[in-house]
Amino acid sequence: RGSIINCCYLDGWNQLATAGADMNICLWDQSFTNVRNRLAAKDVQLSLCGSADSKSLLTGSVDGTLNRWDLSTMSLSEARRGQHKGAINDLLMVEDINLLASASSDGTTVMWDLETMRPKKAFKGHGKGTFSLAYSKDYRCLLTAGLDQEALVWNPYVERVPIFRLKGHVSALCGVAVVPGTPQIISADMKGVFRLWDMRNFRCVQTFGGKEAHLTNLSDFCILP
């Protein structure tokens with residue numbers, strides 16, 4: 001009924017959740033060929049994330065609303081409006097501190113207490129929108145990628161300025177990720193250029209991709225274990 005905007009895998013349910021341009025959230029079976037349930041949203045949902053207890057699906061709306069869906073009843077249980085002034089582009093469950101991070105086009109990243117569905121902390125450092133989130137369990141750092149060509153490193157326990165700014169991209173960033181089991185960070189921009197960083201000193205150790213790799217108009221990427 002419309003193009004798929006985003007997706008996430010729900011471990012506790014063995015299902016894939018997809019958000020579509022038709023404002024529907026679909027839950028697919030293990031074969032990914034049949035829709036088991038469909039949730040109707042009031043707006044387009046740009047981001048999805050399963051809760052740590054596998055009881056809820058969290059979605060971020062184009063109007064900045066954070067929604068929580070009860071997976072046992074397949075219904076909307078809560079909606080939080082007003083914290084973000086722009087679309088919620090990414091959601092990330094930070095299990096170490098049991099908080100949900102939301103990244104918005106208004107340039108802020110908000111940490112939510114899922115028990116109360118209330119904001120606990122807010123980080124503001126990007127001059128433009130915040131597009132992507134990542135977290136390092138080993139170094140306990142929150143990473144945000146912005147449309148201002150920088151990736152920022154944050155201490156999630158301290159609501160202050162970023163620890164470090166990863167600079168070097170010449171185009172808006174489309175994503176940031178942590179390489180599991182290593183001190184490495186990968187950032188990517190919309191021109192298809194990747195930069196590999198060492199989290200121990202926040203230095204760029206390698207640049208690859210771009211025109212030489214025939215990569216242009218990049219919108220997202222993922223790391224395969």
# chains A, B, ... in the order shown; residues from 1 in each chain; ligands from 1
>>> closest_atom_pairs(of="range 25-89 of chain A", to="range 102-105 of chain A", cutoff="8 Å", atoms="only C-alpha atoms", output="CSV")
residue,atom,partner,partner_atom,distance
A:Gly60,CA,A:Ser102,CA,7.8
A:Gly64,CA,A:Ser104,CA,7.3
A:His84,CA,A:Ser104,CA,6.6
A:Lys85,CA,A:Ser105,CA,7.7
A:Gly86,CA,A:Ser105,CA,4.9
A:Ala87,CA,A:Ser105,CA,5.3
A:Ile88,CA,A:Ser104,CA,4.3
A:Asn89,CA,A:Ser104,CA,5.4
>>> residues_around(residues="Cys8 in chain A", least_positions_apart="5", cutoff="7 Å", atoms="only C-alpha atoms", output="PDB file with N, CA and C atoms, in the first residue's frame")
ATOM      1  N   LEU A  16       9.033  -9.116  12.154  1.00  0.00           N
ATOM      2  CA  LEU A  16       9.624  -7.908  11.602  1.00  0.00           C
ATOM      3  C   LEU A  16       8.551  -6.822  11.569  1.00  0.00           C
ATOM      4  N   ALA A  17       8.865  -5.667  12.134  1.00  0.00           N
ATOM      5  CA  ALA A  17       7.947  -4.529  12.096  1.00  0.00           C
ATOM      6  C   ALA A  17       8.405  -3.550  11.022  1.00  0.00           C
ATOM      7  N   THR A  18       7.488  -3.115  10.176  1.00  0.00           N
ATOM      8  CA  THR A  18       7.812  -2.150   9.133  1.00  0.00           C
ATOM      9  C   THR A  18       6.869  -0.951   9.231  1.00  0.00           C
ATOM     10  N   LEU A  48      11.456   3.067  14.327  1.00  0.00           N
ATOM     11  CA  LEU A  48      10.864   2.018  15.153  1.00  0.00           C
ATOM     12  C   LEU A  48      11.930   1.414  16.054  1.00  0.00           C
ATOM     13  N   CYS A  49      11.486   0.927  17.229  1.00  0.00           N
ATOM     14  CA  CYS A  49      12.406   0.281  18.156  1.00  0.00           C
ATOM     15  C   CYS A  49      11.603  -0.568  19.130  1.00  0.00           C
TER      16      CYS A  49
END
>>> atom_distance(atom1="CA of Pro183 in chain A", atom2="CA of Arg200 in chain A")
6.5 Å
>>> closest_residue(among="A:Glu78, A:Asp22, A:Glu212, A:Glu159", to="Thr65 in chain A", atoms="only C-alpha atoms")
A:Glu78
>>> residues_around(residues="Trp112 in chain A", least_positions_apart="4", cutoff="12 Å", atoms="only C-alpha atoms", output="list in words")
Ser51, Leu58, Leu66, Asn67, Arg68, Arg80, Gln83, Leu91, Leu92, Met93, Val94, Glu95, Ile97, Asn98, Leu99, Leu100, Ala101, Ser102, Ala103, Thr116, Met117, Arg118, Pro119, Lys120, Lys121, Ala122, Phe123 and Pro156 of chain A
>>> select_by_dssp(residues="range 104-200 of chain A", states="strand (DSSP E)", output="ChimeraX atom specification")
/A:104,108-113,118-124,130-136,141-146,151-154,164-166,173-178,184-189,193-198
>>> residues_around(residues="Ser171 in chain A", least_positions_apart="3", cutoff="8 Å", atoms="only C-alpha atoms", output="list in words")
Leu147, Asp148, Gln149, Asp189, Met190 and Lys191 of chain A
>>> closest_residue(among="A:Leu10, A:Ile4, A:Val179, A:Trp28", to="Leu46 in chain A", atoms="only C-alpha atoms")
A:Ile4
>>> residues_around(residues="Glu150 in chain A", least_positions_apart="5", cutoff="7 Å", atoms="only C-alpha atoms", output="JSON, numbers by chain")
{"A": [145, 165, 166, 167, 169, 173]}
>>> residues_around(residues="Ala177 in chain A", least_positions_apart="3", cutoff="7 Å", atoms="only C-alpha atoms", output="ChimeraX atom specification")
/A:134,185-187
>>> atom_distance(atom1="CA of Asn14 in chain A", atom2="CA of Ala41 in chain A")
22.0 Å
>>> residues_around(residues="Cys141 in chain A", least_positions_apart="3", cutoff="8 Å", atoms="only C-alpha atoms", output="list in words")
Tyr135, Ser136, Lys137, Val153, Trp154, Asn155 and Pro156 of chain A
>>> write_last_selection(atoms="C-alpha atoms", output="mmCIF file, in the first residue's frame")
data_model
loop_
_atom_site.group_PDB
_atom_site.id
_atom_site.type_symbol
_atom_site.label_atom_id
_atom_site.label_comp_id
_atom_site.auth_asym_id
_atom_site.auth_seq_id
_atom_site.Cartn_x
_atom_site.Cartn_y
_atom_site.Cartn_z
ATOM 1 C CA TYR A 135 25.702 3.352 21.438
ATOM 2 C CA SER A 136 28.924 1.704 22.608
ATOM 3 C CA LYS A 137 28.409 -0.623 25.571
ATOM 4 C CA VAL A 153 30.090 11.663 21.103
ATOM 5 C CA TRP A 154 28.142 12.031 24.371
ATOM 6 C CA ASN A 155 28.314 10.801 27.932
ATOM 7 C CA PRO A 156 24.695 9.598 28.396
#
>>> atom_distance(atom1="CA of Asp43 in chain A", atom2="CA of Asp70 in chain A")
17.8 Å
>>> closest_residue(among="A:Val161, A:Ile25, A:Leu218, A:Ala151", to="Leu71 in chain A", atoms="only C-alpha atoms")
A:Ile25
